[in-house]
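Next comes final_35.cif, a file with mmCIF, C-alpha atoms.
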```cif
data_structure
loop_
_atom_site.label_atom_id
_atom_site.label_comp_id
_atom_site.auth_asym_id
_atom_site.auth_seq_id
_atom_site.Cartn_x
_atom_site.Cartn_y
_atom_site.Cartn_z
CA MET A 51 36.79 -40.56 -264.83
CA ARG A 52 36.16 -39.60 -261.21
CA PRO A 53 38.49 -41.03 -258.56
CA PRO A 54 37.00 -43.49 -256.06
CA LYS A 55 35.32 -41.96 -253.01
CA ALA A 56 37.70 -41.61 -250.08
CA HIS A 57 36.91 -42.32 -246.45
CA VAL A 58 35.59 -39.76 -243.95
CA HIS A 59 36.92 -40.33 -240.41
CA HIS A 60 34.68 -38.99 -237.65
CA SER A 61 35.31 -38.22 -234.00
CA ALA A 62 34.49 -40.94 -231.47
CA SER A 63 32.51 -38.41 -229.43
CA SER A 64 28.95 -39.27 -228.41
CA TRP A 65 28.12 -35.61 -229.12
CA ARG A 66 28.48 -36.28 -232.86
CA ARG A 67 25.43 -35.60 -234.99
CA PRO A 68 24.67 -37.50 -238.21
CA CYS A 69 25.05 -36.08 -241.69
CA PRO A 70 21.68 -34.57 -242.69
CA PRO A 71 19.87 -35.80 -245.80
CA GLU A 72 20.23 -33.56 -248.83
CA ALA A 73 17.78 -30.71 -248.29
CA SER A 74 17.62 -29.39 -251.84
CA ALA A 75 19.47 -29.32 -255.14
CA GLU A 76 20.20 -25.66 -254.44
CA ARG A 77 21.98 -26.48 -251.19
CA GLY A 78 23.85 -29.34 -252.83
CA LEU A 79 25.20 -27.03 -255.52
CA LEU A 80 26.43 -24.50 -252.97
CA VAL A 81 28.22 -27.17 -250.92
CA GLU A 82 29.72 -28.51 -254.15
CA GLU A 83 31.01 -25.05 -255.03
CA ILE A 84 32.69 -24.60 -251.65
CA GLY A 85 34.19 -28.07 -251.92
CA GLU A 86 35.66 -27.23 -255.32
CA ARG A 87 37.17 -24.03 -253.95
CA ILE A 88 38.86 -25.98 -251.17
CA LEU A 89 40.17 -28.66 -253.52
CA ALA A 90 41.51 -25.95 -255.84
CA LEU A 91 43.96 -24.98 -253.08
CA GLY A 92 46.03 -27.95 -254.22
CA GLN A 93 47.47 -31.18 -252.93
CA GLY A 94 48.90 -31.76 -249.49
CA ARG A 95 47.03 -31.47 -246.23
CA LEU A 96 44.38 -28.78 -245.97
CA LEU A 97 42.76 -27.43 -242.81
CA VAL A 98 39.25 -25.97 -243.08
CA GLY A 99 37.50 -24.07 -240.27
CA ILE A 100 33.72 -23.53 -240.09
CA ASP A 101 32.52 -20.88 -237.65
CA GLY A 102 29.34 -18.96 -236.85
CA PHE A 103 26.83 -18.47 -234.04
CA THR A 104 25.63 -21.44 -232.02
CA ALA A 105 23.09 -23.51 -234.00
CA ALA A 106 24.00 -21.76 -237.26
CA GLY A 107 24.35 -25.22 -238.84
CA LYS A 108 28.14 -25.60 -238.66
CA THR A 109 28.25 -29.32 -237.93
CA SER A 110 25.76 -30.21 -240.65
CA PHE A 111 27.61 -28.07 -243.18
CA GLY A 112 30.89 -29.69 -242.15
CA HIS A 113 29.45 -33.16 -242.70
CA GLU A 114 28.03 -32.19 -246.09
CA LEU A 115 31.29 -30.60 -247.15
CA ALA A 116 33.20 -33.70 -246.04
CA GLU A 117 31.02 -35.88 -248.27
CA ARG A 118 31.69 -33.65 -251.28
CA VAL A 119 35.44 -33.54 -250.69
CA SER A 120 35.70 -37.28 -250.12
CA ALA A 121 33.71 -37.89 -253.30
CA ALA A 122 36.57 -36.20 -255.15
CA GLY A 123 38.97 -38.80 -253.76
CA ARG A 124 40.49 -36.83 -250.88
CA PRO A 125 40.44 -38.48 -247.42
CA VAL A 126 38.69 -36.31 -244.84
CA LEU A 127 38.90 -35.97 -241.06
CA ARG A 128 35.91 -34.44 -239.26
CA ALA A 129 36.26 -32.76 -235.89
CA THR A 130 34.38 -30.27 -233.76
CA LEU A 131 35.78 -27.87 -231.21
CA ASP A 132 33.13 -29.01 -228.73
CA ASP A 133 35.21 -32.17 -228.31
CA PHE A 134 38.11 -30.06 -227.02
CA LYS A 135 36.48 -28.33 -224.07
CA LYS A 136 37.98 -28.42 -220.61
CA PRO A 137 36.54 -31.24 -218.44
CA TRP A 138 33.54 -30.46 -216.26
CA LYS A 139 35.34 -31.85 -213.21
CA ASP A 140 37.58 -28.76 -213.28
CA ARG A 141 34.78 -26.20 -213.58
CA HIS A 142 35.17 -25.19 -209.93
CA LEU A 143 38.55 -23.72 -210.91
CA TYR A 144 37.09 -21.06 -213.20
CA ASP A 145 33.88 -19.41 -214.39
CA ARG A 146 32.44 -21.32 -217.31
CA GLU A 147 28.75 -20.59 -216.95
CA SER A 148 28.53 -16.84 -217.58
CA GLY A 149 28.83 -15.52 -221.12
CA GLU A 150 32.26 -14.05 -220.51
CA GLY A 151 33.40 -17.10 -218.56
CA TYR A 152 32.31 -19.38 -221.37
CA TYR A 153 34.27 -17.37 -223.92
CA ARG A 154 37.40 -17.15 -221.75
CA ASN A 155 37.47 -20.59 -220.17
CA ALA A 156 35.37 -23.30 -221.83
CA TYR A 157 37.73 -24.42 -224.62
CA ASP A 158 41.14 -26.03 -224.22
CA TYR A 159 43.07 -24.48 -227.11
CA GLU A 160 46.33 -26.11 -226.05
CA ALA A 161 44.67 -29.50 -226.47
CA VAL A 162 43.21 -28.49 -229.85
CA LYS A 163 46.68 -27.55 -231.04
CA SER A 164 48.72 -30.41 -229.60
CA LEU A 165 46.27 -33.22 -230.36
CA LEU A 166 44.76 -32.08 -233.66
CA LEU A 167 46.04 -28.98 -235.43
CA ASP A 168 49.79 -29.30 -234.91
CA PRO A 169 49.89 -32.92 -236.14
CA CYS A 170 47.81 -32.01 -239.19
CA ARG A 171 50.20 -29.16 -239.94
CA SER A 172 53.33 -31.29 -239.47
CA SER A 173 54.45 -33.21 -242.54
CA GLY A 174 56.16 -35.72 -240.25
CA ALA A 175 53.07 -36.56 -238.20
CA THR A 176 51.19 -39.72 -239.17
CA ALA A 177 48.21 -39.52 -236.79
CA CYS A 178 46.11 -37.12 -234.72
CA ALA A 179 43.31 -37.23 -232.15
CA LEU A 180 39.85 -36.10 -233.29
CA CYS A 181 38.51 -35.83 -229.75
CA SER A 182 39.93 -34.89 -226.38
CA ILE A 183 37.09 -34.98 -223.82
CA ASP A 184 33.64 -36.27 -224.80
CA PRO A 185 31.24 -33.41 -223.92
CA LEU A 186 28.52 -35.81 -222.75
CA THR A 187 30.28 -38.76 -221.13
CA GLN A 188 33.46 -36.84 -220.14
CA ARG A 189 35.46 -39.83 -221.36
CA ASP A 190 39.02 -38.99 -222.40
CA HIS A 191 39.62 -39.97 -226.06
CA SER A 192 42.92 -38.14 -226.45
CA THR A 193 44.95 -41.34 -226.92
CA GLU A 194 42.68 -42.65 -229.69
CA LEU A 195 44.55 -41.72 -232.87
CA THR A 196 43.37 -41.46 -236.47
CA PRO A 197 45.85 -41.92 -239.36
CA LEU A 198 46.91 -38.85 -241.34
CA GLY A 199 47.54 -39.11 -245.08
CA GLU A 200 49.66 -36.76 -247.15
CA ASP A 201 46.55 -35.30 -248.82
CA THR A 202 44.12 -35.41 -245.90
CA VAL A 203 41.57 -32.58 -245.61
CA LEU A 204 40.68 -31.72 -242.02
CA ILE A 205 37.29 -30.04 -241.56
CA VAL A 206 36.68 -28.56 -238.12
CA ASP A 207 33.49 -26.82 -237.00
CA GLY A 208 32.93 -24.80 -233.88
CA VAL A 209 32.26 -21.41 -232.34
CA PHE A 210 35.34 -19.21 -231.87
CA ALA A 211 37.26 -21.15 -234.54
CA PHE A 212 39.01 -17.99 -235.69
CA ARG A 213 40.24 -16.83 -232.30
CA PRO A 214 43.91 -15.73 -232.30
CA GLU A 215 44.91 -18.92 -230.46
CA ILE A 216 44.16 -21.11 -233.49
CA ASN A 217 43.28 -18.83 -236.41
CA GLU A 218 46.65 -19.18 -238.14
CA TYR A 219 46.12 -22.89 -238.80
CA TRP A 220 43.31 -22.62 -241.35
CA ASP A 221 43.79 -22.76 -245.11
CA PHE A 222 40.12 -21.95 -245.73
CA ARG A 223 37.59 -20.26 -243.44
CA VAL A 224 33.79 -20.52 -243.72
CA TRP A 225 31.37 -18.34 -241.74
CA LEU A 226 27.74 -19.43 -241.50
CA GLN A 227 25.57 -16.38 -240.94
CA VAL A 228 22.27 -16.43 -239.06
CA ASP A 229 20.44 -13.77 -237.06
CA PRO A 230 21.27 -13.89 -233.33
CA GLU A 231 17.62 -14.48 -232.42
CA LEU A 232 17.42 -17.37 -234.86
CA SER A 233 20.53 -18.82 -233.22
CA VAL A 234 18.83 -18.68 -229.81
CA GLN A 235 15.62 -20.18 -231.20
CA ARG A 236 17.35 -23.05 -232.98
CA GLY A 237 19.67 -23.78 -230.09
CA THR A 238 16.83 -23.76 -227.57
CA GLU A 239 14.83 -26.25 -229.63
CA ARG A 240 17.87 -28.45 -230.24
CA ASP A 241 19.00 -28.62 -226.62
CA GLN A 242 15.68 -29.16 -224.86
CA ASP A 243 16.54 -32.81 -224.27
CA TRP A 244 19.51 -32.05 -221.99
CA ALA A 245 18.93 -28.44 -220.87
CA GLY A 246 15.16 -28.56 -220.37
CA THR A 247 13.59 -25.29 -219.23
CA GLU A 248 17.01 -23.65 -218.95
CA ALA A 249 17.79 -24.10 -222.66
CA GLU A 250 16.77 -20.59 -223.72
CA SER A 251 18.65 -18.85 -220.91
CA ILE A 252 21.77 -20.88 -221.64
CA HIS A 253 21.69 -19.81 -225.26
CA ARG A 254 20.71 -16.20 -224.65
CA ASP A 255 22.71 -15.41 -221.52
CA ARG A 256 25.76 -17.63 -222.01
CA TYR A 257 26.36 -18.54 -225.65
CA LEU A 258 25.03 -15.36 -227.26
CA VAL A 259 26.89 -13.13 -224.81
CA ALA A 260 30.10 -15.09 -225.45
CA GLU A 261 29.68 -14.81 -229.20
CA ARG A 262 29.24 -11.05 -229.01
CA ILE A 263 32.48 -10.79 -227.03
CA TYR A 264 34.14 -12.89 -229.74
CA LEU A 265 32.87 -10.63 -232.52
CA ARG A 266 34.04 -7.54 -230.66
CA GLU A 267 37.48 -8.79 -229.66
CA ALA A 268 38.53 -11.14 -232.47
CA ASP A 269 36.59 -9.50 -235.34
CA PRO A 270 36.61 -12.75 -237.34
CA LEU A 271 34.51 -11.77 -240.37
CA PRO A 272 37.25 -9.86 -242.26
CA MET A 273 39.41 -13.01 -242.11
CA VAL A 274 36.99 -15.46 -243.69
CA ASP A 275 37.09 -16.77 -247.26
CA VAL A 276 33.35 -17.13 -247.63
CA VAL A 277 30.21 -16.04 -245.76
CA ILE A 278 27.08 -18.14 -246.25
CA ASP A 279 23.62 -17.08 -245.10
CA ASN A 280 22.30 -20.31 -243.59
CA SER A 281 19.03 -18.91 -242.26
CA VAL A 282 16.97 -21.23 -244.48
CA PHE A 283 18.57 -24.66 -244.55
CA ALA A 284 17.26 -25.61 -247.99
CA ARG A 285 18.19 -22.23 -249.51
CA PRO A 286 21.62 -21.11 -248.28
CA THR A 287 23.07 -18.15 -250.14
CA LEU A 288 26.56 -16.79 -250.64
CA VAL A 289 26.91 -13.40 -248.98
CA THR A 290 30.51 -12.94 -250.13
CA PRO A 291 31.88 -14.49 -253.31
#
```
Can you give me the file's structure in the form of structure tokens?
Amino acid sequence: MRPPKAHVHHSASSWRRPCPPEASAERGLLVEEIGERILALGQGRLLVGIDGFTAAGKTSFGHELAERVSAAGRPVLRATLDDFKKPWKDRHLYDRESGEGYYRNAYDYEAVKSLLLDPCRSSGATACALCSIDPLTQRDHSTELTPLGEDTVLIVDGVFAFRPEINEYWDFRVWLQVDPELSVQRGTERDQDWAGTEAESIHRDRYLVAERIYLREADPLPMVDVVIDNSVFARPTLVTP
């Protein structure tokens, strides 16, 4: 008899995207397989990182995975690294708009650790924050805490998730693989509403440049537990077992 479905706690961020409808039975089976691999790691808190190029589908995969894990009776927390960027009001203090500046300066890894990852790793902690600064409204959510259970599974998506600053926290690492040009195309289409005519240049000249620096310096792929080709949403495939 299956345990009752557990709750999935989401970030309060206005940047949050909804869980996509099931695209295909094939995709559902793959997400189910990854969920089973995570649950097989055992009881106690588990921290899962999902990385890949911008617009690779990390947030959607995180939501789908959360539904599968919660269906097995494990409570899930969902977070995204985009909710832990440095506030825009401080952007005059550093370069954040070039590719290299974005990689070096956009994310607040101290906030990620102190508000989210350290509490989830500490057996004595009973709550954590799923959002620091809302990327859209710039509202500070860092004092809004979410309860932590003994068997909570934290699923975090975001670019640069396996940088040295936070890589040691993860129990399971997922890399979603897409071609760089597909990343630019998807991201440009997705962000037209806020970036307008600058959407393509932002993705090509800022995000893509930053991601190539990340691949060169951090070399994250050898660290991951599974690589998934997510080029076709309805037909993802395992690249590594």
- request: List, as a PyMOL selection string, every residue that the PyMOL selection byres ((chain A and resi 89-100) around 10) selects in the file provided.
  value: chain A and resi 83-88+101-102+107-109+111-112+119+122+124-131+167+170-173+198-212+216-217+219-226+274+276
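Residues selected in this file by the PyMOL selection byres ((chain A and resi 80) around 10) comprise A:Ala75, A:Glu76, A:Arg77, A:Gly78, A:Leu79, A:Val81, A:Glu82, A:Glu83, A:Ile84, A:Gly85, A:Glu86, A:Leu115, A:Ile278, A:Arg285, A:Pro286, A:Thr287, A:Leu288.
Minimum atom-to-atom distances from A:Arg262, A:Arg254, A:His59, A:Arg213 to Ser233 in chain A were compared using all atoms listed in the file, and the lowest value belongs to A:Arg254.
For the structure in this document, the set picked by the PyMOL selection byres ((chain A and resi 182) around 6) is A:Asp133, A:Phe134, A:Cys181, A:Ile183, A:Asp190, A:His191, A:Ser192.
Straight-line separation from CA of Thr187 in chain A to CA of Asp140 in chain A: 14.7 Å.
When only C-alpha atoms are used to compute distances to Gln235 in chain A, the closest of the residues A:Leu258, A:Leu265, A:Arg154, A:Pro214 turns out to be A:Leu258.
You can rank A:Asp269, A:Asp184, A:Glu248, A:Glu231 by their closest distance to Ser61 in chain A using all atoms listed in the file, and at the top of that list sits A:Asp184.
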